[in-house]
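Student: This is upload_19.cif, which holds mmCIF, C-alpha atoms and all ligand atoms:
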```cif
data_entry
loop_
_atom_site.label_atom_id
_atom_site.label_comp_id
_atom_site.auth_asym_id
_atom_site.auth_seq_id
_atom_site.Cartn_x
_atom_site.Cartn_y
_atom_site.Cartn_z
CA MET A 1 -17.44 -19.52 -4.27
CA ALA A 2 -18.37 -22.01 -7.00
CA ILE A 3 -15.42 -23.29 -8.98
CA SER A 4 -15.27 -25.29 -12.17
CA LYS A 5 -14.26 -28.97 -12.34
CA ARG A 6 -10.88 -28.05 -13.82
CA GLU A 7 -10.19 -25.59 -11.05
CA ALA A 8 -11.25 -28.11 -8.43
CA LEU A 9 -8.89 -30.67 -9.97
CA LEU A 10 -6.06 -28.18 -9.97
CA LEU A 11 -6.63 -27.40 -6.33
CA LEU A 12 -6.78 -31.08 -5.47
CA LEU A 13 -3.56 -31.82 -7.32
CA THR A 14 -1.73 -28.99 -5.68
CA GLN A 15 -3.02 -29.48 -2.18
CA LEU A 16 0.06 -31.53 -1.44
CA SER A 17 2.18 -28.43 -1.73
CA PHE A 18 -0.01 -26.30 0.52
CA LYS A 19 1.83 -24.59 3.30
CA ASN A 20 -0.35 -23.82 6.27
CA ASN A 21 0.51 -20.38 7.51
CA PRO A 22 -2.21 -19.25 9.88
CA LYS A 23 -0.23 -16.35 11.27
CA CYS A 24 0.29 -14.71 7.92
CA PRO A 25 -2.98 -13.48 6.41
CA PRO A 26 -1.60 -11.61 3.43
CA VAL A 27 -0.89 -14.14 0.79
CA SER A 28 1.76 -14.08 -1.89
CA PHE A 29 1.60 -14.51 -5.57
CA GLY A 30 4.11 -13.83 -8.26
CA LEU A 31 3.55 -11.66 -11.26
CA ARG A 32 6.10 -13.62 -13.26
CA GLN A 33 7.19 -17.21 -13.68
CA THR A 34 6.38 -18.57 -10.24
CA TRP A 35 2.89 -18.01 -8.96
CA PHE A 36 1.48 -18.31 -5.50
CA LEU A 37 -2.24 -18.63 -5.19
CA PRO A 38 -3.97 -17.52 -2.04
CA ILE A 39 -6.65 -19.85 -0.78
CA LYS A 40 -8.69 -19.32 2.34
CA SER A 41 -9.55 -22.48 4.22
CA SER A 42 -12.83 -23.06 5.98
CA MET A 43 -11.10 -22.49 9.31
CA ASN A 44 -10.16 -18.99 8.29
CA HIS A 45 -6.55 -19.99 8.02
CA TRP A 46 -4.52 -18.66 5.16
CA TRP A 47 -2.57 -20.82 2.81
CA ILE A 48 0.23 -20.02 0.50
CA LEU A 49 0.07 -22.23 -2.51
CA ARG A 50 3.05 -22.54 -4.77
CA VAL A 51 1.92 -23.68 -8.17
CA SER A 52 4.41 -25.31 -10.48
CA SER A 53 5.22 -23.66 -13.78
CA ARG A 54 3.54 -26.56 -15.63
CA VAL A 55 0.15 -25.13 -14.86
CA MET A 56 0.99 -21.60 -15.88
CA LEU A 57 -1.94 -21.18 -18.25
CA TRP A 58 -4.41 -22.21 -15.63
CA GLN A 59 -2.83 -19.86 -13.15
CA LEU A 60 -3.21 -16.93 -15.48
CA ARG A 61 -6.87 -17.68 -15.77
CA MET A 62 -7.31 -18.32 -12.07
CA LEU A 63 -5.29 -15.53 -10.55
CA PRO A 64 -7.98 -12.86 -10.66
CA ARG A 65 -10.35 -15.12 -8.74
CA PRO A 66 -8.38 -15.55 -5.52
CA LEU A 67 -7.03 -12.04 -5.88
CA GLY A 68 -10.57 -10.67 -5.91
CA HIS A 69 -11.48 -12.95 -3.03
CA LEU A 70 -8.80 -11.60 -0.72
CA CYS A 71 -9.43 -7.99 -1.76
CA VAL A 72 -13.06 -8.44 -0.74
CA SER A 73 -11.87 -9.88 2.55
CA HIS A 74 -9.05 -7.53 3.62
CA GLY A 75 -7.11 -6.14 0.67
CA PHE A 76 -3.58 -7.18 1.70
CA PHE A 77 -1.29 -9.46 -0.31
CA GLN A 78 2.37 -9.91 -1.12
CA VAL A 79 3.85 -10.06 -4.59
CA THR A 80 7.02 -11.83 -5.62
CA ASN A 81 8.57 -11.91 -9.09
CA HIS A 82 7.16 -8.45 -9.59
CA GLY A 83 9.79 -7.41 -12.09
CA VAL A 84 11.27 -4.57 -10.00
CA ASP A 85 15.07 -4.90 -9.99
CA LEU A 86 16.00 -6.31 -6.57
CA ASN A 87 19.32 -4.42 -6.73
CA LEU A 88 17.39 -1.16 -7.02
CA ILE A 89 15.33 -2.06 -3.94
CA LYS A 90 18.51 -2.94 -2.05
CA LEU A 91 20.14 0.33 -3.12
CA ALA A 92 17.10 2.33 -1.97
CA ASP A 93 17.22 0.51 1.37
CA ASP A 94 20.96 1.29 1.73
CA HIS A 95 20.33 4.98 1.07
CA LEU A 96 17.80 5.18 3.89
CA ASP A 97 20.63 5.06 6.39
CA GLN A 98 22.56 7.74 4.58
CA PHE A 99 19.70 10.10 5.37
CA PHE A 100 18.33 8.86 8.70
CA LYS A 101 21.79 8.63 10.29
CA LEU A 102 22.47 12.32 9.60
CA PRO A 103 22.61 14.73 12.56
CA VAL A 104 19.18 16.13 13.43
CA GLU A 105 20.05 19.64 12.21
CA GLU A 106 20.86 18.25 8.74
CA LYS A 107 17.59 16.30 8.56
CA ALA A 108 15.76 19.45 9.66
CA LYS A 109 16.75 21.07 6.34
CA VAL A 110 13.96 19.07 4.72
CA LYS A 111 11.56 19.31 7.65
CA ARG A 112 7.98 18.67 6.72
CA CYS A 113 5.83 21.82 6.93
CA PRO A 114 2.48 21.57 8.76
CA GLY A 115 -0.22 20.39 6.35
CA SER A 116 2.30 19.13 3.78
CA PRO A 117 2.90 15.41 3.32
CA TYR A 118 6.46 15.97 2.01
CA GLY A 119 9.82 16.18 3.76
CA TYR A 120 11.29 14.88 7.01
CA SER A 121 9.39 14.28 10.20
CA GLY A 122 10.62 12.95 13.51
CA SER A 123 7.51 11.19 14.85
CA HIS A 124 4.93 13.35 13.01
CA ALA A 125 5.06 15.60 16.05
CA ASP A 126 3.41 18.37 14.07
CA ARG A 127 0.25 16.28 13.50
CA PHE A 128 -0.19 14.35 16.72
CA SER A 129 -0.21 15.73 20.23
CA ALA A 130 -0.41 12.32 21.92
CA LYS A 131 0.53 8.70 21.12
CA LEU A 132 3.46 9.89 19.02
CA PRO A 133 4.71 7.31 16.54
CA TRP A 134 8.14 5.83 17.34
CA LYS A 135 9.63 6.55 13.95
CA GLU A 136 11.16 9.04 11.57
CA THR A 137 9.91 9.53 8.03
CA LEU A 138 11.10 11.13 4.83
CA SER A 139 8.45 11.65 2.15
CA PHE A 140 8.71 12.65 -1.50
CA ALA A 141 6.11 13.77 -4.01
CA PHE A 142 6.30 11.84 -7.28
CA HIS A 143 4.69 12.19 -10.68
CA GLN A 144 5.95 11.29 -14.10
CA GLY A 145 6.92 14.13 -16.38
CA PRO A 146 9.83 15.87 -18.05
CA ASN A 147 11.49 16.76 -14.70
CA PRO A 148 12.83 14.18 -12.24
CA VAL A 149 10.91 15.62 -9.27
CA VAL A 150 12.37 13.38 -6.57
CA ALA A 151 15.97 13.86 -7.71
CA ASP A 152 15.41 17.63 -7.94
CA PHE A 153 13.91 17.74 -4.42
CA CYS A 154 16.91 15.94 -2.90
CA LYS A 155 19.43 18.04 -4.77
CA SER A 156 17.82 21.38 -3.96
CA LYS A 157 17.12 20.64 -0.28
CA LEU A 158 20.00 18.41 0.74
CA GLY A 159 22.78 19.48 -1.55
CA LYS A 160 25.36 17.72 -3.67
CA ASP A 161 26.00 14.87 -1.23
CA PHE A 162 22.47 13.65 -1.85
CA GLU A 163 22.41 13.80 -5.64
CA LYS A 164 22.96 10.05 -5.91
CA THR A 165 20.32 9.36 -3.24
CA GLY A 166 17.88 11.51 -5.21
CA ARG A 167 18.60 9.58 -8.41
CA VAL A 168 18.06 6.26 -6.62
CA TYR A 169 14.68 7.33 -5.20
CA GLN A 170 13.67 8.81 -8.55
CA LYS A 171 14.29 5.42 -10.20
CA TYR A 172 12.62 3.61 -7.34
CA CYS A 173 9.46 5.74 -7.68
CA GLU A 174 9.37 5.19 -11.44
CA ALA A 175 9.60 1.42 -10.92
CA MET A 176 6.88 1.50 -8.24
CA HIS A 177 4.62 3.62 -10.45
CA ASN A 178 4.91 1.06 -13.26
CA LEU A 179 4.28 -1.84 -10.91
CA ALA A 180 1.28 -0.05 -9.40
CA LEU A 181 -0.23 0.37 -12.87
CA SER A 182 0.24 -3.35 -13.58
CA ILE A 183 -1.49 -4.18 -10.33
CA THR A 184 -4.43 -1.92 -11.17
CA GLU A 185 -4.77 -3.95 -14.38
CA LEU A 186 -4.90 -7.23 -12.43
CA LEU A 187 -7.44 -5.72 -10.08
CA ALA A 188 -9.57 -4.60 -13.02
CA ILE A 189 -9.46 -8.15 -14.43
CA SER A 190 -10.44 -9.53 -11.05
CA LEU A 191 -13.45 -7.19 -11.03
CA LYS A 192 -14.32 -8.13 -14.65
CA VAL A 193 -14.23 -4.50 -15.75
CA ASP A 194 -12.26 -3.12 -18.69
CA ARG A 195 -8.68 -4.16 -18.01
CA MET A 196 -7.32 -0.65 -18.79
CA HIS A 197 -9.92 1.26 -16.78
CA TYR A 198 -7.90 1.88 -13.62
CA ARG A 199 -4.54 1.96 -15.43
CA GLU A 200 -5.76 4.90 -17.52
CA PHE A 201 -7.21 6.57 -14.43
CA PHE A 202 -3.83 6.43 -12.65
CA GLU A 203 -1.52 7.04 -15.60
CA ASP A 204 -0.98 10.68 -14.54
CA ALA A 205 -0.98 9.84 -10.81
CA HIS A 206 0.56 12.19 -8.24
CA SER A 207 1.95 9.72 -5.76
CA ILE A 208 3.98 9.79 -2.55
CA LEU A 209 6.99 7.79 -1.43
CA ARG A 210 7.35 7.58 2.34
CA CYS A 211 10.54 6.15 3.81
CA ASN A 212 10.14 4.96 7.39
CA PHE A 213 12.86 4.40 9.94
CA TYR A 214 11.91 2.78 13.26
CA PRO A 215 14.70 3.02 15.88
CA THR A 216 14.88 0.36 18.58
CA CYS A 217 12.65 1.10 21.52
CA GLN A 218 13.33 0.19 25.16
CA GLU A 219 9.62 -0.14 25.94
CA PRO A 220 8.11 -1.58 22.75
CA SER A 221 4.95 -2.66 24.52
CA LEU A 222 4.22 0.96 25.41
CA SER A 223 4.84 2.34 21.95
CA LEU A 224 3.91 1.87 18.30
CA GLY A 225 5.95 2.65 15.21
CA THR A 226 2.84 3.61 13.27
CA GLY A 227 -0.50 3.58 15.05
CA PRO A 228 -3.51 1.66 13.66
CA HIS A 229 -4.74 3.31 10.49
CA CYS A 230 -6.21 2.73 7.04
CA ASP A 231 -4.47 4.25 4.04
CA PRO A 232 -6.62 6.98 2.49
CA ILE A 233 -4.70 6.72 -0.80
CA SER A 234 -5.46 4.23 -3.60
CA LEU A 235 -2.83 1.49 -3.46
CA THR A 236 0.20 1.04 -1.25
CA ILE A 237 3.29 -0.87 -2.33
CA LEU A 238 5.36 -1.49 0.77
CA TYR A 239 8.91 -2.69 0.91
CA GLN A 240 9.78 -3.87 4.42
CA ASP A 241 13.20 -5.11 5.47
CA GLN A 242 13.53 -8.52 7.14
CA VAL A 243 12.58 -7.20 10.60
CA ARG A 244 8.98 -8.01 11.47
CA GLY A 245 6.75 -5.10 12.36
CA LEU A 246 3.77 -4.79 10.03
CA ASP A 247 0.49 -6.06 11.49
CA VAL A 248 -2.91 -6.24 9.79
CA PHE A 249 -6.21 -6.41 11.65
CA VAL A 250 -7.97 -9.43 10.12
CA ASN A 251 -10.70 -11.55 11.72
CA ASN A 252 -10.58 -9.30 14.77
CA ILE A 253 -6.96 -9.97 15.61
CA TRP A 254 -3.67 -8.36 14.74
CA GLN A 255 -1.74 -10.65 12.39
CA THR A 256 1.88 -10.18 11.37
CA VAL A 257 2.82 -9.81 7.74
CA ARG A 258 5.99 -11.84 7.77
CA PRO A 259 8.67 -10.36 5.56
CA ILE A 260 9.45 -12.50 2.50
CA GLN A 261 12.80 -11.85 0.85
CA GLY A 262 12.25 -9.93 -2.38
CA ALA A 263 8.49 -9.59 -1.91
CA LEU A 264 6.48 -6.37 -1.80
CA VAL A 265 3.34 -5.95 0.28
CA ILE A 266 0.38 -4.48 -1.54
CA ASN A 267 -2.71 -3.08 0.11
CA ILE A 268 -5.89 -1.44 -1.06
CA GLY A 269 -6.46 2.07 0.25
CA ASP A 270 -9.73 3.96 0.84
CA THR A 271 -9.68 5.68 -2.54
CA PHE A 272 -9.35 2.40 -4.47
CA SER A 273 -12.04 0.97 -2.25
CA ALA A 274 -14.29 3.85 -3.37
CA LEU A 275 -13.34 3.10 -6.99
CA THR A 276 -14.77 -0.39 -6.46
CA ASN A 277 -17.87 0.97 -4.71
CA GLY A 278 -16.59 -0.47 -1.44
CA MET A 279 -16.24 -4.03 -2.78
CA TYR A 280 -12.50 -4.16 -2.17
CA LYS A 281 -11.52 -3.41 1.41
CA SER A 282 -9.09 -0.98 2.88
CA CYS A 283 -7.91 -2.67 6.06
CA LEU A 284 -6.61 -1.39 9.40
CA HIS A 285 -2.87 -1.93 9.89
CA ARG A 286 -0.04 -0.72 12.11
CA ALA A 287 3.72 -1.05 12.58
CA VAL A 288 5.12 -2.25 15.89
CA VAL A 289 8.66 -1.64 17.15
CA ASN A 290 11.08 -3.81 19.09
CA SER A 291 13.98 -3.39 21.49
CA GLN A 292 16.53 -5.39 19.46
CA LYS A 293 16.57 -4.24 15.86
CA GLU A 294 15.96 -1.06 13.92
CA ARG A 295 13.44 -1.47 11.12
CA ARG A 296 13.13 0.20 7.73
CA SER A 297 10.29 0.32 5.25
CA MET A 298 9.34 2.29 2.14
CA ALA A 299 5.71 2.86 1.28
CA PHE A 300 4.81 3.98 -2.23
CA PHE A 301 1.32 5.47 -2.15
CA LEU A 302 -0.44 5.55 -5.52
CA CYS A 303 -2.77 8.56 -5.60
CA PRO A 304 -4.92 9.95 -8.41
CA ARG A 305 -4.10 13.37 -9.82
CA ASP A 306 -5.61 15.93 -7.42
CA ASP A 307 -8.59 16.93 -9.54
CA LYS A 308 -9.55 13.45 -10.84
CA VAL A 309 -13.12 12.51 -9.96
CA VAL A 310 -13.18 9.28 -7.97
CA LYS A 311 -16.15 7.07 -8.91
CA PRO A 312 -16.61 3.36 -9.66
CA PRO A 313 -16.88 2.24 -13.31
CA GLU A 314 -20.45 1.89 -14.62
CA ASP A 315 -19.63 -1.69 -15.72
CA LEU A 316 -18.92 -2.73 -12.17
CA LEU A 317 -22.16 -1.30 -10.82
CA ARG A 318 -24.06 -3.05 -13.59
CA ILE A 319 -22.31 -6.44 -13.24
CA GLU A 320 -22.67 -6.48 -9.48
CA GLY A 321 -26.12 -4.83 -9.47
CA MET A 322 -24.94 -2.27 -6.93
CA THR A 323 -26.09 1.21 -6.10
CA ARG A 324 -23.51 3.89 -5.37
CA LYS A 325 -22.12 3.81 -1.82
CA PHE A 326 -20.13 7.04 -1.98
CA PRO A 327 -20.65 10.30 -3.86
CA ASP A 328 -18.14 11.51 -6.46
CA PHE A 329 -15.14 13.17 -4.87
CA THR A 330 -11.67 14.39 -5.71
CA TRP A 331 -8.52 13.07 -4.11
CA SER A 332 -7.48 16.59 -3.03
CA ASP A 333 -10.72 17.04 -1.02
CA PHE A 334 -10.35 13.64 0.60
CA LEU A 335 -6.69 14.28 1.43
CA ARG A 336 -7.57 17.59 3.07
CA PHE A 337 -10.34 15.91 5.04
CA THR A 338 -7.89 13.31 6.39
CA GLN A 339 -5.37 16.00 7.34
CA TYR A 340 -7.95 17.73 9.53
CA ASN A 341 -8.80 14.52 11.35
CA TYR A 342 -6.79 12.08 13.45
CA ARG A 343 -5.39 8.92 11.85
CA PRO A 344 -7.67 7.65 9.09
CA ASP A 345 -9.43 4.43 10.07
CA GLU A 346 -12.22 2.17 8.73
CA THR A 347 -14.77 4.90 9.36
CA THR A 348 -12.99 7.76 7.59
CA LEU A 349 -14.26 7.21 4.04
CA GLN A 350 -17.85 6.91 5.26
CA LYS A 351 -17.49 10.01 7.44
CA PHE A 352 -16.08 11.91 4.48
CA SER A 353 -19.00 10.76 2.30
CA ASN A 354 -21.48 11.80 4.97
CA TRP A 355 -19.79 15.17 5.20
CA LEU A 356 -19.93 15.60 1.41
CA LEU A 357 -23.62 14.73 1.37
CA SER A 358 -24.58 16.69 4.46
CA ALA A 359 -26.84 19.69 4.05
CA ASP A 360 -24.57 22.01 6.01
CA ASN A 361 -21.56 21.11 3.93
CA ASN A 362 -20.23 24.40 2.61
CA LYS A 363 -17.25 22.60 1.06
CA HIS A 364 -14.78 24.56 3.21
CA LEU A 365 -12.61 22.25 5.24
O1 LIG B 401 6.31 0.35 8.07
C1 LIG B 401 5.34 -0.36 7.87
O2 LIG B 401 5.40 -1.57 7.86
C2 LIG B 401 3.97 0.24 7.64
C3 LIG B 401 4.02 1.71 7.31
C4 LIG B 401 2.69 2.32 7.09
O3 LIG B 401 1.67 1.72 7.29
C5 LIG B 401 2.65 3.70 6.60
O4 LIG B 401 3.69 4.33 6.39
O5 LIG B 401 1.49 4.19 6.37
#
```
Starting from the file, lay out its structure as structure tokens.
Tutor:
Amino acid sequence: MAISKREALLLLLTQLSFKNNPKCPPVSFGLRQTWFLPIKSSMNHWWILRVSSRVMLWQLRMLPRPLGHLCVSHGFFQVTNHGVDLNLIKLADDHLDQFFKLPVEEKAKVKRCPGSPYGYSGSHADRFSAKLPWKETLSFAFHQGPNPVVADFCKSKLGKDFEKTGRVYQKYCEAMHNLALSITELLAISLKVDRMHYREFFEDAHSILRCNFYPTCQEPSLSLGTGPHCDPISLTILYQDQVRGLDVFVNNIWQTVRPIQGALVINIGDTFSALTNGMYKSCLHRAVVNSQKERRSMAFFLCPRDDKVVKPPEDLLRIEGMTRKFPDFTWSDFLRFTQYNYRPDETTLQKFSNWLLSADNNKHL
């Protein structure tokens, strides 16, 4: 990647503060005040670069460059100083236990129905007949509107005791939705397309919050919390507690995403990858378990409204001189396709495209 003299000078000046972190591929940068620039070294090692506030203006100009670079490579990064109230994140984490420590018969009141992504599931047993994940999940549907959908869900299904929990997750989803829109803006800048293009596309998003609880496991080497998969959705914002568990498959090896206090892990999903005509990658990842400590995480999945047509902006195709890699599709069709298959992986989007384009496609999944 060619860089200007000024950028080269900046890199040179700041090399002293480089922190070599080969085990941690996803890099961090802040959306406010303190910025971390991701730089990939020639040895495929990843660096976290903390840039002092004195070079703020340069950072603003430079951020989209490395951001684009890592999205082309694997699409995982961490954000600090993201503006989401850390007390809200802590509160949401605290409320996980209030639900997951309930007796099984109570949790079963919100049991996920087959085919639905919402509600409680102990190990996704309804979807998988083998290699069951070592985890429990609670998922909520979220969209902005006059009714607080998450709070209403908790209240109606779990009763009065969970009204506060519902309000916490409602606020959490609203904060994640806003952050997700800001990130789509940064991604648009990094792609040199109209800054508002993706923000407007996702403004009426119908997203999902999935809370994950991974109990300790006596035989962690024989089990996985979440098996290897790619996210079919658009963007994931993951909060993970301080227990390591998230791995990303980069450069043909599994690499741990080390938890950073206060940071959120962002990754590109298949649908956003399609919105960039495959330029930005949706990468295989998994969650491992351990015998010592329980682990908690919350994944906010940004999804387009069901009927929105997913296609890359014309500007991008023109700037990059690309031809279309995937046909137009709607999120609801893609979601249904993934539900009828095993875990989505790096081949799923292409298989879906092939299916859409195939002559015998009668559009009935
Ligand atoms: O818990 C994690 O770290 C990852 C969870 C995940 O990948 C998922 O819920 O899809």
Student: Residues contacting ligand LIG 401 (chain B) - anything with an atom at most 6 Å away, using only C-alpha atoms and all ligand atoms - can you give me those as a VMD selection string?
Tutor: chain A and resid 245 to 246 286 to 287 297 299
Student: Please indicate the distance in Å from atom CA of A:Pro220 to atom CA of A:Pro133, rounded to one decimal place.
Tutor: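 The value is 11.4 Å.
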Student: Under the rule of at most 12 Å, produce a per-residue listing of stretch 293-312 of chain A near stretch 334-346 of chain A: chain, number, name, the closest pair of atoms, and the distance in Å, as JSON lines, using all atoms listed in the file.
Tutor:
```
{"residue": "A:Cys303", "atom": "CA", "partner": "A:Leu335", "partner_atom": "CA", "distance": 9.9}
{"residue": "A:Pro304", "atom": "CA", "partner": "A:Leu335", "partner_atom": "CA", "distance": 10.9}
{"residue": "A:Arg305", "atom": "CA", "partner": "A:Leu335", "partner_atom": "CA", "distance": 11.6}
{"residue": "A:Asp306", "atom": "CA", "partner": "A:Leu335", "partner_atom": "CA", "distance": 9.1}
{"residue": "A:Asp307", "atom": "CA", "partner": "A:Phe334", "partner_atom": "CA", "distance": 10.8}
{"residue": "A:Lys308", "atom": "CA", "partner": "A:Phe334", "partner_atom": "CA", "distance": 11.5}
{"residue": "A:Val309", "atom": "CA", "partner": "A:Phe334", "partner_atom": "CA", "distance": 11.0}
{"residue": "A:Val310", "atom": "CA", "partner": "A:Phe334", "partner_atom": "CA", "distance": 10.0}
```
Student: By how many Å are atom CA of A:His197 and atom CA of A:Leu209 apart?
Tutor: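 About the pair atom CA of A:His197 and atom CA of A:Leu209: they are 23.8 Å apart.
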Student: Please indicate the distance in Å from atom CA of A:Asp204 to atom CA of A:Gly145, rounded to one decimal place.
Tutor: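 So the answer is 8.8 Å.
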Student: Counting all atoms listed in the file, figure out which residue out of A:Gly269, A:Gly262, A:Pro114, A:Pro327 gets nearest to A:Ile233.
Tutor: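 For A:Ile233, the nearest of the candidates is A:Gly269.
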Student: Of the candidates A:Pro312, A:Lys107, A:His74, A:Gln350, which shows the shortest atom-to-atom distance to A:Asp194, using only C-alpha atoms?
Tutor: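 Under the stated criterion, the closest residue is A:Pro312.
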Student: Nearest residue to A:Asn267 out of A:Gly225, A:Pro232, A:Gly75, A:Gly68, using all atoms listed in the file?
Tutor: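 Of A:Gly225, A:Pro232, A:Gly75, A:Gly68, the one nearest A:Asn267 is A:Gly75, counting all atoms listed in the file.
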Student: Write out as a PyMOL selection string the residues lying within 7 Å of A:Asp315, counting only C-alpha atoms and excluding same-chain residues fewer than 3 positions away.
Tutor: chain A and resi 193+318-319
Student: Go ahead and save the residues from that selection, with C-alpha atoms, as a compact mmCIF listing (two decimals), in the frame of the given file.
Tutor:
```txt
# COMPACT_ATOMS: atom_id res chain seq x y z
CA VAL A 193 -14.23 -4.50 -15.75
CA ARG A 318 -24.06 -3.05 -13.59
CA ILE A 319 -22.31 -6.44 -13.24
```
Student: Could you pull the residues within 10 Å of A:Lys164, counting all atoms listed in the file, minus those fewer than 2 positions along the same chain, as a PyMOL selection string?
Tutor: chain A and resi 95+151+154-155+160-162+166-170
Student: Of the candidates A:Asp333, A:Glu294, A:Asp93, A:Glu203, which one gets nearest to A:Glu174 if we count all atoms listed in the file?
Tutor: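 Smallest distance to A:Glu174 is found for A:Glu203.
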Student: With a distance cut-off of 10 Å and only C-alpha atoms, select the neighbouring residues of A:Thr347, excluding the residue or stretch itself and same-chain residues fewer than 4 positions from it, and output the selection as a ChimeraX atom specification.
Tutor: /A:230,270,351-352
Student: Would you pick out the contacts of stretch 248-250 of chain A at 7 Å or less, using all atoms listed in the file, so that residues sharing its chain but fewer than 4 positions from it are not included, and give the list as a ChimeraX atom specification?
Tutor: /A:74,254-256,283-286
Student: Taking all atoms listed in the file into account, name the residue in A:Lys109, A:Lys157, A:Arg296, A:Lys311 that is nearest to A:Tyr214.
Tutor: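 Ranked by minimum distance to A:Tyr214, first place goes to A:Arg296.
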Student: Here's a test: counting all atoms listed in the file, identify every protein, DNA and RNA residue with an atom at most 8 Å from (9.3, -3.4, -4.5) in the file's coordinate frame, and state them as a PDB file with C-alpha atoms, keeping the file's coordinate frame.
Tutor:
```
ATOM      1  CA  HIS A  82       7.160  -8.450  -9.590  1.00  0.00           C
ATOM      2  CA  VAL A  84      11.270  -4.570 -10.000  1.00  0.00           C
ATOM      3  CA  LEU A  86      16.000  -6.310  -6.570  1.00  0.00           C
ATOM      4  CA  ILE A  89      15.330  -2.060  -3.940  1.00  0.00           C
ATOM      5  CA  MET A 176       6.880   1.500  -8.240  1.00  0.00           C
ATOM      6  CA  ILE A 237       3.290  -0.870  -2.330  1.00  0.00           C
ATOM      7  CA  LEU A 238       5.360  -1.490   0.770  1.00  0.00           C
ATOM      8  CA  TYR A 239       8.910  -2.690   0.910  1.00  0.00           C
ATOM      9  CA  GLY A 262      12.250  -9.930  -2.380  1.00  0.00           C
ATOM     10  CA  ALA A 263       8.490  -9.590  -1.910  1.00  0.00           C
ATOM     11  CA  LEU A 264       6.480  -6.370  -1.800  1.00  0.00           C
TER      12      LEU A 264
END
```
Student: Taking all atoms listed in the file into account, name the residue in A:Gly278, A:Ser207, A:Thr226, A:Tyr172 that is nearest to A:Leu91.
Tutor: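 Going through A:Gly278, A:Ser207, A:Thr226, A:Tyr172 one by one, the smallest distance to A:Leu91 is for A:Tyr172.
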Student: I'd like the neighbourhood of A:Ile266 as a PDB file with C-alpha atoms, in the coordinates of the input, where a residue qualifies if any of its atoms comes within 6 Å (using only C-alpha atoms), though same-chain residues fewer than 3 positions away should be ignored.
Tutor:
```
ATOM      1  CA  PHE A  76      -3.580  -7.180   1.700  1.00  0.00           C
ATOM      2  CA  PHE A  77      -1.290  -9.460  -0.310  1.00  0.00           C
ATOM      3  CA  GLN A  78       2.370  -9.910  -1.120  1.00  0.00           C
ATOM      4  CA  THR A 236       0.200   1.040  -1.250  1.00  0.00           C
ATOM      5  CA  ILE A 237       3.290  -0.870  -2.330  1.00  0.00           C
TER       6      ILE A 237
END
```
